[in-house]
>>> print(open('coords-v3.pdb').read())   # PDB, C-alpha atoms
ATOM      1  CA  MET A   1      -0.594 -24.189  16.803  1.00  0.00           C
ATOM      2  CA  GLN A   2       2.357 -21.875  16.311  1.00  0.00           C
ATOM      3  CA  GLY A   3       5.976 -22.764  16.695  1.00  0.00           C
ATOM      4  CA  THR A   4       9.154 -20.785  16.778  1.00  0.00           C
ATOM      5  CA  PHE A   5      12.199 -22.147  14.993  1.00  0.00           C
ATOM      6  CA  GLY A   6      15.172 -19.861  15.532  1.00  0.00           C
ATOM      7  CA  GLN A   7      13.984 -16.268  15.166  1.00  0.00           C
ATOM      8  CA  VAL A   8      11.144 -16.933  12.712  1.00  0.00           C
ATOM      9  CA  GLU A   9       7.616 -17.771  13.812  1.00  0.00           C
ATOM     10  CA  PHE A  10       5.816 -20.391  11.742  1.00  0.00           C
ATOM     11  CA  MET A  11       2.191 -21.515  11.627  1.00  0.00           C
ATOM     12  CA  PRO A  12       1.474 -25.029  10.338  1.00  0.00           C
ATOM     13  CA  LEU A  13      -0.903 -25.266   7.393  1.00  0.00           C
ATOM     14  CA  PRO A  14      -2.777 -28.245   6.001  1.00  0.00           C
ATOM     15  CA  PRO A  15      -0.786 -29.608   3.045  1.00  0.00           C
ATOM     16  CA  ARG A  16      -3.733 -29.238   0.652  1.00  0.00           C
ATOM     17  CA  PHE A  17      -4.106 -25.578   1.568  1.00  0.00           C
ATOM     18  CA  ALA A  18      -0.376 -24.950   1.110  1.00  0.00           C
ATOM     19  CA  GLU A  19      -0.621 -26.482  -2.369  1.00  0.00           C
ATOM     20  CA  ARG A  20      -3.636 -24.295  -3.097  1.00  0.00           C
ATOM     21  CA  VAL A  21      -1.638 -21.211  -2.123  1.00  0.00           C
ATOM     22  CA  ARG A  22       1.302 -22.228  -4.297  1.00  0.00           C
ATOM     23  CA  ALA A  23      -0.814 -22.922  -7.378  1.00  0.00           C
ATOM     24  CA  GLY A  24      -3.561 -20.363  -6.780  1.00  0.00           C
ATOM     25  CA  SER A  25      -1.244 -17.414  -6.335  1.00  0.00           C
ATOM     26  CA  VAL A  26       0.333 -18.082  -9.723  1.00  0.00           C
ATOM     27  CA  VAL A  27      -3.017 -18.579 -11.456  1.00  0.00           C
ATOM     28  CA  VAL A  28      -4.646 -15.490  -9.922  1.00  0.00           C
ATOM     29  CA  GLY A  29      -1.594 -13.243 -10.353  1.00  0.00           C
ATOM     30  CA  CYS A  30      -0.933 -14.211 -13.974  1.00  0.00           C
ATOM     31  CA  SER A  31      -4.637 -13.975 -14.827  1.00  0.00           C
ATOM     32  CA  MET A  32      -4.833 -10.483 -13.365  1.00  0.00           C
ATOM     33  CA  ILE A  33      -1.770  -9.353 -15.305  1.00  0.00           C
ATOM     34  CA  ALA A  34      -3.054 -10.813 -18.579  1.00  0.00           C
ATOM     35  CA  ALA A  35      -6.544  -9.385 -18.072  1.00  0.00           C
ATOM     36  CA  MET A  36      -5.300  -5.872 -17.249  1.00  0.00           C
ATOM     37  CA  VAL A  37      -2.913  -5.827 -20.205  1.00  0.00           C
ATOM     38  CA  ALA A  38      -5.735  -7.002 -22.496  1.00  0.00           C
ATOM     39  CA  LEU A  39      -8.161  -4.443 -21.037  1.00  0.00           C
ATOM     40  CA  VAL A  40      -5.734  -1.537 -21.407  1.00  0.00           C
ATOM     41  CA  GLY A  41      -4.806  -2.695 -24.909  1.00  0.00           C
ATOM     42  CA  LEU A  42      -8.450  -2.919 -25.943  1.00  0.00           C
ATOM     43  CA  THR A  43      -9.230   0.466 -24.420  1.00  0.00           C
ATOM     44  CA  THR A  44      -6.329   2.200 -26.148  1.00  0.00           C
ATOM     45  CA  PHE A  45      -7.265   0.546 -29.450  1.00  0.00           C
ATOM     46  CA  LEU A  46     -10.876   1.718 -29.163  1.00  0.00           C
ATOM     47  CA  GLU A  47      -9.778   5.211 -28.118  1.00  0.00           C
ATOM     48  CA  SER A  48      -7.471   5.445 -31.118  1.00  0.00           C
ATOM     49  CA  LEU A  49     -10.332   4.442 -33.412  1.00  0.00           C
ATOM     50  CA  ALA A  50     -12.791   6.857 -31.819  1.00  0.00           C
ATOM     51  CA  HIS A  51     -10.545   9.883 -31.221  1.00  0.00           C
ATOM     52  CA  GLY A  52      -7.551   9.380 -33.465  1.00  0.00           C
ATOM     53  CA  HIS A  53      -5.079   9.012 -30.580  1.00  0.00           C
ATOM     54  CA  PRO A  54      -4.973   6.378 -27.825  1.00  0.00           C
ATOM     55  CA  PHE A  55      -4.050   8.607 -24.872  1.00  0.00           C
ATOM     56  CA  PRO A  56      -5.094  12.102 -23.787  1.00  0.00           C
ATOM     57  CA  ASP A  57      -2.819  15.065 -24.450  1.00  0.00           C
ATOM     58  CA  SER A  58      -2.064  16.283 -20.924  1.00  0.00           C
ATOM     59  CA  LEU A  59       0.404  14.534 -18.631  1.00  0.00           C
ATOM     60  CA  VAL A  60      -2.086  14.604 -15.740  1.00  0.00           C
ATOM     61  CA  GLU A  61      -4.754  13.034 -17.931  1.00  0.00           C
ATOM     62  CA  LYS A  62      -2.319  10.337 -19.054  1.00  0.00           C
ATOM     63  CA  GLY A  63      -1.480   9.623 -15.435  1.00  0.00           C
ATOM     64  CA  ALA A  64      -5.163   9.413 -14.546  1.00  0.00           C
ATOM     65  CA  VAL A  65      -5.657   6.824 -17.277  1.00  0.00           C
ATOM     66  CA  VAL A  66      -2.518   4.760 -16.612  1.00  0.00           C
ATOM     67  CA  LEU A  67      -2.125   4.781 -12.811  1.00  0.00           C
ATOM     68  CA  PRO A  68      -5.246   2.768 -11.762  1.00  0.00           C
ATOM     69  CA  PRO A  69      -4.319  -0.195 -14.010  1.00  0.00           C
ATOM     70  CA  ALA A  70      -0.750   0.096 -12.692  1.00  0.00           C
ATOM     71  CA  GLY A  71      -2.163  -0.270  -9.170  1.00  0.00           C
ATOM     72  CA  VAL A  72      -3.949  -3.457 -10.225  1.00  0.00           C
ATOM     73  CA  LEU A  73      -0.721  -4.762 -11.719  1.00  0.00           C
ATOM     74  CA  ALA A  74       1.013  -4.042  -8.395  1.00  0.00           C
ATOM     75  CA  ILE A  75      -1.678  -6.032  -6.572  1.00  0.00           C
ATOM     76  CA  ALA A  76      -1.178  -8.882  -9.073  1.00  0.00           C
ATOM     77  CA  VAL A  77       2.554  -8.898  -8.366  1.00  0.00           C
ATOM     78  CA  LEU A  78       1.854  -8.989  -4.621  1.00  0.00           C
ATOM     79  CA  VAL A  79      -0.488 -11.950  -5.124  1.00  0.00           C
ATOM     80  CA  LEU A  80       2.204 -13.689  -7.176  1.00  0.00           C
ATOM     81  CA  THR A  81       4.769 -13.138  -4.436  1.00  0.00           C
ATOM     82  CA  SER A  82       2.473 -14.426  -1.686  1.00  0.00           C
ATOM     83  CA  ARG A  83       4.163 -17.789  -2.254  1.00  0.00           C
ATOM     84  CA  ARG A  84       7.144 -16.354  -0.342  1.00  0.00           C
ATOM     85  CA  CYS A  85       5.073 -16.615   2.830  1.00  0.00           C
ATOM     86  CA  LEU A  86       5.336 -20.408   2.740  1.00  0.00           C
ATOM     87  CA  ARG A  87       8.165 -22.622   3.923  1.00  0.00           C
ATOM     88  CA  GLY A  88       7.068 -26.124   3.105  1.00  0.00           C
ATOM     89  CA  ASP A  89       3.673 -26.522   4.760  1.00  0.00           C
ATOM     90  CA  TYR A  90       4.269 -23.657   7.195  1.00  0.00           C
ATOM     91  CA  LEU A  91       3.198 -20.045   6.943  1.00  0.00           C
ATOM     92  CA  VAL A  92       5.941 -17.583   7.928  1.00  0.00           C
ATOM     93  CA  VAL A  93       4.003 -15.169  10.134  1.00  0.00           C
ATOM     94  CA  ALA A  94       6.292 -12.131   9.699  1.00  0.00           C
ATOM     95  CA  THR A  95       6.321 -12.428   5.912  1.00  0.00           C
ATOM     96  CA  ALA A  96       2.550 -12.937   5.821  1.00  0.00           C
ATOM     97  CA  THR A  97       2.029  -9.839   7.974  1.00  0.00           C
ATOM     98  CA  ALA A  98       4.211  -7.775   5.653  1.00  0.00           C
ATOM     99  CA  ALA A  99       2.334  -9.151   2.624  1.00  0.00           C
ATOM    100  CA  ARG A 100      -1.032  -8.259   4.203  1.00  0.00           C
ATOM    101  CA  THR A 101       0.164  -4.731   4.923  1.00  0.00           C
ATOM    102  CA  ALA A 102       1.466  -4.302   1.375  1.00  0.00           C
ATOM    103  CA  LEU A 103      -1.779  -5.660  -0.083  1.00  0.00           C
ATOM    104  CA  LEU A 104      -3.890  -3.318   2.021  1.00  0.00           C
ATOM    105  CA  PHE A 105      -1.753  -0.283   1.192  1.00  0.00           C
ATOM    106  CA  THR A 106      -1.745  -1.050  -2.533  1.00  0.00           C
ATOM    107  CA  TYR A 107      -5.486  -1.726  -2.582  1.00  0.00           C
ATOM    108  CA  VAL A 108      -6.314   1.536  -0.796  1.00  0.00           C
ATOM    109  CA  LEU A 109      -3.939   3.448  -3.093  1.00  0.00           C
ATOM    110  CA  THR A 110      -5.581   1.879  -6.149  1.00  0.00           C
ATOM    111  CA  LEU A 111      -9.036   2.841  -4.860  1.00  0.00           C
ATOM    112  CA  VAL A 112      -7.853   6.417  -4.339  1.00  0.00           C
ATOM    113  CA  LEU A 113      -6.500   6.458  -7.896  1.00  0.00           C
ATOM    114  CA  ILE A 114      -9.806   5.129  -9.243  1.00  0.00           C
ATOM    115  CA  LEU A 115     -11.752   7.760  -7.322  1.00  0.00           C
ATOM    116  CA  GLY A 116      -9.279  10.366  -8.535  1.00  0.00           C
ATOM    117  CA  LEU A 117     -10.090   9.304 -12.075  1.00  0.00           C
ATOM    118  CA  PHE A 118     -13.608  10.571 -11.493  1.00  0.00           C
ATOM    119  CA  ALA A 119     -12.262  13.913 -10.217  1.00  0.00           C
ATOM    120  CA  VAL A 120     -10.173  14.546 -13.339  1.00  0.00           C
ATOM    121  CA  PRO A 121     -13.187  15.581 -15.511  1.00  0.00           C
ATOM    122  CA  ILE A 122     -13.815  18.474 -13.148  1.00  0.00           C
ATOM    123  CA  VAL A 123     -10.499  20.069 -14.126  1.00  0.00           C
ATOM    124  CA  PHE A 124      -9.831  18.505 -17.529  1.00  0.00           C
ATOM    125  CA  ARG A 125     -12.042  17.470 -20.416  1.00  0.00           C
ATOM    126  CA  LEU A 126     -11.195  13.794 -19.982  1.00  0.00           C
ATOM    127  CA  ARG A 127     -14.190  11.544 -19.471  1.00  0.00           C
ATOM    128  CA  PRO A 128     -13.233   8.270 -17.810  1.00  0.00           C
ATOM    129  CA  ASP A 129     -14.233   5.102 -19.598  1.00  0.00           C
ATOM    130  CA  LEU A 130     -16.806   3.528 -17.287  1.00  0.00           C
ATOM    131  CA  LEU A 131     -16.115  -0.045 -18.404  1.00  0.00           C
ATOM    132  CA  THR A 132     -12.382   0.282 -17.791  1.00  0.00           C
ATOM    133  CA  THR A 133     -12.930   1.985 -14.451  1.00  0.00           C
ATOM    134  CA  LEU A 134     -15.366  -0.655 -13.197  1.00  0.00           C
ATOM    135  CA  ALA A 135     -13.176  -3.480 -14.498  1.00  0.00           C
ATOM    136  CA  THR A 136     -10.154  -1.954 -12.777  1.00  0.00           C
ATOM    137  CA  PHE A 137     -12.108  -1.733  -9.523  1.00  0.00           C
ATOM    138  CA  ALA A 138     -13.289  -5.346  -9.905  1.00  0.00           C
ATOM    139  CA  PHE A 139      -9.785  -6.647 -10.647  1.00  0.00           C
ATOM    140  CA  ALA A 140      -8.337  -4.718  -7.706  1.00  0.00           C
ATOM    141  CA  THR A 141     -10.985  -6.058  -5.332  1.00  0.00           C
ATOM    142  CA  LEU A 142     -10.663  -9.649  -6.538  1.00  0.00           C
ATOM    143  CA  GLY A 143      -6.879  -9.508  -6.290  1.00  0.00           C
ATOM    144  CA  TYR A 144      -7.030  -8.073  -2.791  1.00  0.00           C
ATOM    145  CA  VAL A 145      -9.502 -10.713  -1.605  1.00  0.00           C
ATOM    146  CA  ALA A 146      -7.510 -13.558  -3.188  1.00  0.00           C
ATOM    147  CA  GLY A 147      -4.251 -12.257  -1.733  1.00  0.00           C
ATOM    148  CA  MET A 148      -5.751 -11.981   1.731  1.00  0.00           C
ATOM    149  CA  PHE A 149      -7.131 -15.524   1.389  1.00  0.00           C
ATOM    150  CA  PHE A 150      -3.627 -16.766   0.664  1.00  0.00           C
ATOM    151  CA  VAL A 151      -1.724 -14.889   3.386  1.00  0.00           C
ATOM    152  CA  ARG A 152      -4.393 -14.775   6.097  1.00  0.00           C
ATOM    153  CA  PRO A 153      -6.431 -17.961   6.026  1.00  0.00           C
ATOM    154  CA  SER A 154      -9.370 -18.211   8.372  1.00  0.00           C
ATOM    155  CA  VAL A 155      -9.740 -21.058  10.849  1.00  0.00           C
ATOM    156  CA  GLN A 156     -12.793 -22.233   8.915  1.00  0.00           C
ATOM    157  CA  THR A 157     -10.728 -22.446   5.707  1.00  0.00           C
ATOM    158  CA  LEU A 158      -7.961 -24.336   7.470  1.00  0.00           C
ATOM    159  CA  ARG A 159     -10.505 -26.788   8.902  1.00  0.00           C
ATOM    160  CA  LYS A 160     -11.952 -27.332   5.441  1.00  0.00           C
ATOM    161  CA  PHE A 161      -8.562 -28.257   3.969  1.00  0.00           C
ATOM    162  CA  SER A 162      -7.292 -30.208   6.970  1.00  0.00           C
ATOM    163  CA  ASP A 163      -7.172 -33.990   7.128  1.00  0.00           C
ATOM    164  CA  HIS A 164      -6.482 -33.911  10.851  1.00  0.00           C
ATOM    165  CA  PRO A 165      -8.573 -32.465  13.684  1.00  0.00           C
ATOM    166  CA  MET A 166      -5.766 -30.105  14.757  1.00  0.00           C
ATOM    167  CA  TRP A 167      -7.779 -27.107  13.480  1.00  0.00           C
TER     168      TRP A 167
END
>>> encode(input="coords-v3.pdb", output="structure tokens")
Amino acid sequence: MQGTFGQVEFMPLPPRFAERVRAGSVVVGCSMIAAMVALVGLTTFLESLAHGHPFPDSLVEKGAVVLPPAGVLAIAVLVLTSRRCLRGDYLVVATATAARTALLFTYVLTLVLILGLFAVPIVFRLRPDLLTTLATFAFATLGYVAGMFFVRPSVQTLRKFSDHPMW
């Protein structure tokens, strides 16, 4: 199932799955970016209406509000770049492994930032917006799952997309 051409190890993919990765990574990545920008824009607009200013006063509070959505944007960029793992209808194993590691690291970091957002009210008067926090968690989880689907397909998925009984 795997072949080595030169120094790079490749894994053949069904052509329909490779097309799904190429198109799906762009759709999911761009959708995540647009949704997070819209969510942060809506939140800052509502905060400015309710409190007179869109962001908290302290630098730590600003970081607590801005960093979790930035983590989701980083996951979206990683999903967008998961197309680099393909060479034609082959998955480049080394690139896919690096993409999986980056996705996992970014997802865990984003979860830590989201949990840290709940710790900020203990020290500061900032109350996290529950809708934004849950939406950020949902976007991060969906991006992570989609990215892992693209760079680490299961045998069952490959069988589903395959026209040949090689899987």
>>> axis_aligned_box(input="coords-v3.pdb", around="stretch 59-74 of chain A", padding_each_side="5 Å", output="AutoDock Vina command-line options")
--center_x -2.3 --center_y 4.9 --center_z -13.7 --size_x 16.7 --size_y 29.4 --size_z 20.7
>>> closest_residue(input="coords-v3.pdb", among="A:Val26, A:Val21, A:Leu104, A:Val66", to="A:Val40", atoms="all atoms listed in the file")
A:Val66
>>> atom_distance(input="coords-v3.pdb", atom1="atom CA of A:Gly29", atom2="atom CA of A:Ala146")
9.3 Å
>>> atom_distance(input="coords-v3.pdb", atom1="atom CA of A:Asp129", atom2="atom CA of A:Tyr107")
20.3 Å
>>> resolve_selection(input="coords-v3.pdb", expression="the PyMOL selection byres ((chain A and resi 25) around 7)", output="MDAnalysis selection string")
chainID A and resid 21:24 26:29 79:80 82:83
>>> atom_distance(input="coords-v3.pdb", atom1="atom CA of A:Asp89", atom2="atom CA of A:Ser31")
24.7 Å
>>> residues_around(input="coords-v3.pdb", residues="stretch 113-119 of chain A", least_positions_apart="6", cutoff="8 Å", atoms="only C-alpha atoms", output="list in words")
Ala64, Val65, Leu67, Pro68, Pro128, Thr133, Thr136 and Phe137 of chain A
>>> write_last_selection(input="coords-v3.pdb", atoms="C-alpha atoms", output="PDB file, keeping the file's coordinate frame")
ATOM      1  CA  ALA A  64      -5.163   9.413 -14.546  1.00  0.00           C
ATOM      2  CA  VAL A  65      -5.657   6.824 -17.277  1.00  0.00           C
ATOM      3  CA  LEU A  67      -2.125   4.781 -12.811  1.00  0.00           C
ATOM      4  CA  PRO A  68      -5.246   2.768 -11.762  1.00  0.00           C
ATOM      5  CA  PRO A 128     -13.233   8.270 -17.810  1.00  0.00           C
ATOM      6  CA  THR A 133     -12.930   1.985 -14.451  1.00  0.00           C
ATOM      7  CA  THR A 136     -10.154  -1.954 -12.777  1.00  0.00           C
ATOM      8  CA  PHE A 137     -12.108  -1.733  -9.523  1.00  0.00           C
TER       9      PHE A 137
END
>>> resolve_selection(input="coords-v3.pdb", expression="the PyMOL selection byres ((chain A and resi 151-162) around 10)", output="NGL selection string")
:A and (12-18 or 20-21 or 79 or 82-86 or 91-93 or 95-100 or 103 or 146-150 or 163-167)
>>> resolve_selection(input="coords-v3.pdb", expression="the PyMOL selection byres ((chain A and resi 140) around 9)", output="list in words")
Met32, Pro69, Gly71, Val72, Leu73, Ile75, Ala76, Tyr107, Thr110, Leu111, Ala135, Thr136, Phe137, Ala138, Phe139, Thr141, Leu142, Gly143, Tyr144 and Val145 of chain A
>>> build_atoms(input="coords-v3.pdb", residues="stretch 150-161 of chain A", atoms="all heavy atoms", output="short mmCIF file (atom, residue, chain, number, x, y, z; two decimals), in the coordinates of the input")
data_model
loop_
_atom_site.label_atom_id
_atom_site.label_comp_id
_atom_site.auth_asym_id
_atom_site.auth_seq_id
_atom_site.Cartn_x
_atom_site.Cartn_y
_atom_site.Cartn_z
N PHE A 150 -4.87 -16.00 0.67
CA PHE A 150 -3.63 -16.77 0.66
C PHE A 150 -2.75 -16.48 1.88
O PHE A 150 -2.13 -17.38 2.42
CB PHE A 150 -2.82 -16.49 -0.61
CG PHE A 150 -3.49 -16.97 -1.87
CD1 PHE A 150 -3.38 -16.25 -3.03
CD2 PHE A 150 -4.24 -18.13 -1.89
CE1 PHE A 150 -3.99 -16.67 -4.20
CE2 PHE A 150 -4.86 -18.57 -3.04
CZ PHE A 150 -4.74 -17.84 -4.20
N VAL A 151 -2.66 -15.23 2.31
CA VAL A 151 -1.72 -14.89 3.39
C VAL A 151 -2.38 -14.77 4.75
O VAL A 151 -1.68 -14.63 5.75
CB VAL A 151 -0.94 -13.59 3.07
CG1 VAL A 151 -0.08 -13.77 1.85
CG2 VAL A 151 -1.85 -12.41 2.93
N ARG A 152 -3.70 -14.82 4.81
CA ARG A 152 -4.39 -14.78 6.10
C ARG A 152 -5.60 -15.71 6.07
O ARG A 152 -6.74 -15.28 6.01
CB ARG A 152 -4.85 -13.36 6.42
CG ARG A 152 -5.39 -13.25 7.81
CD ARG A 152 -5.77 -11.85 8.14
NE ARG A 152 -6.13 -11.78 9.55
CZ ARG A 152 -6.34 -10.68 10.17
NH1 ARG A 152 -6.23 -9.54 9.54
NH2 ARG A 152 -6.66 -10.68 11.43
N PRO A 153 -5.32 -17.01 6.10
CA PRO A 153 -6.43 -17.96 6.03
C PRO A 153 -7.23 -17.96 7.32
O PRO A 153 -6.69 -17.80 8.41
CB PRO A 153 -5.74 -19.30 5.81
CG PRO A 153 -4.38 -19.12 6.39
CD PRO A 153 -4.03 -17.68 6.17
N SER A 154 -8.52 -18.14 7.19
CA SER A 154 -9.37 -18.21 8.37
C SER A 154 -9.30 -19.62 8.95
O SER A 154 -8.90 -20.58 8.29
CB SER A 154 -10.81 -17.87 8.01
OG SER A 154 -11.35 -18.86 7.17
N VAL A 155 -9.73 -19.76 10.19
CA VAL A 155 -9.74 -21.06 10.85
C VAL A 155 -10.71 -21.99 10.12
O VAL A 155 -10.45 -23.18 9.95
CB VAL A 155 -10.11 -20.91 12.34
CG1 VAL A 155 -10.28 -22.25 13.01
CG2 VAL A 155 -9.04 -20.09 13.06
N GLN A 156 -11.82 -21.44 9.65
CA GLN A 156 -12.79 -22.23 8.91
C GLN A 156 -12.18 -22.79 7.62
O GLN A 156 -12.39 -23.95 7.29
CB GLN A 156 -14.02 -21.39 8.59
CG GLN A 156 -15.08 -22.12 7.83
CD GLN A 156 -16.26 -21.22 7.50
OE1 GLN A 156 -16.26 -20.04 7.83
NE2 GLN A 156 -17.26 -21.78 6.85
N THR A 157 -11.40 -21.99 6.93
CA THR A 157 -10.73 -22.45 5.71
C THR A 157 -9.71 -23.53 6.04
O THR A 157 -9.63 -24.54 5.33
CB THR A 157 -10.03 -21.27 5.01
OG1 THR A 157 -10.99 -20.27 4.70
CG2 THR A 157 -9.31 -21.71 3.76
N LEU A 158 -8.96 -23.34 7.09
CA LEU A 158 -7.96 -24.34 7.47
C LEU A 158 -8.63 -25.65 7.88
O LEU A 158 -8.11 -26.73 7.59
CB LEU A 158 -7.08 -23.80 8.59
CG LEU A 158 -6.21 -22.61 8.20
CD1 LEU A 158 -5.44 -22.09 9.40
CD2 LEU A 158 -5.26 -22.97 7.08
N ARG A 159 -9.77 -25.57 8.54
CA ARG A 159 -10.50 -26.79 8.90
C ARG A 159 -11.00 -27.51 7.65
O ARG A 159 -11.00 -28.73 7.59
CB ARG A 159 -11.70 -26.45 9.78
CG ARG A 159 -11.35 -26.22 11.20
CD ARG A 159 -12.60 -26.09 12.05
NE ARG A 159 -12.21 -25.71 13.39
CZ ARG A 159 -12.75 -24.74 14.08
NH1 ARG A 159 -13.76 -24.05 13.60
NH2 ARG A 159 -12.32 -24.47 15.29
N LYS A 160 -11.43 -26.74 6.67
CA LYS A 160 -11.95 -27.33 5.44
C LYS A 160 -10.87 -28.11 4.69
O LYS A 160 -11.14 -29.16 4.13
CB LYS A 160 -12.51 -26.22 4.55
CG LYS A 160 -13.15 -26.72 3.27
CD LYS A 160 -13.78 -25.57 2.53
CE LYS A 160 -13.00 -25.32 1.27
NZ LYS A 160 -13.55 -24.27 0.44
N PHE A 161 -9.65 -27.62 4.70
CA PHE A 161 -8.56 -28.26 3.97
C PHE A 161 -7.80 -29.28 4.80
O PHE A 161 -6.98 -30.01 4.28
CB PHE A 161 -7.58 -27.21 3.45
CG PHE A 161 -8.07 -26.47 2.27
CD1 PHE A 161 -8.66 -25.23 2.42
CD2 PHE A 161 -7.97 -27.01 1.00
CE1 PHE A 161 -9.13 -24.54 1.32
CE2 PHE A 161 -8.43 -26.33 -0.10
CZ PHE A 161 -9.02 -25.09 0.06
#
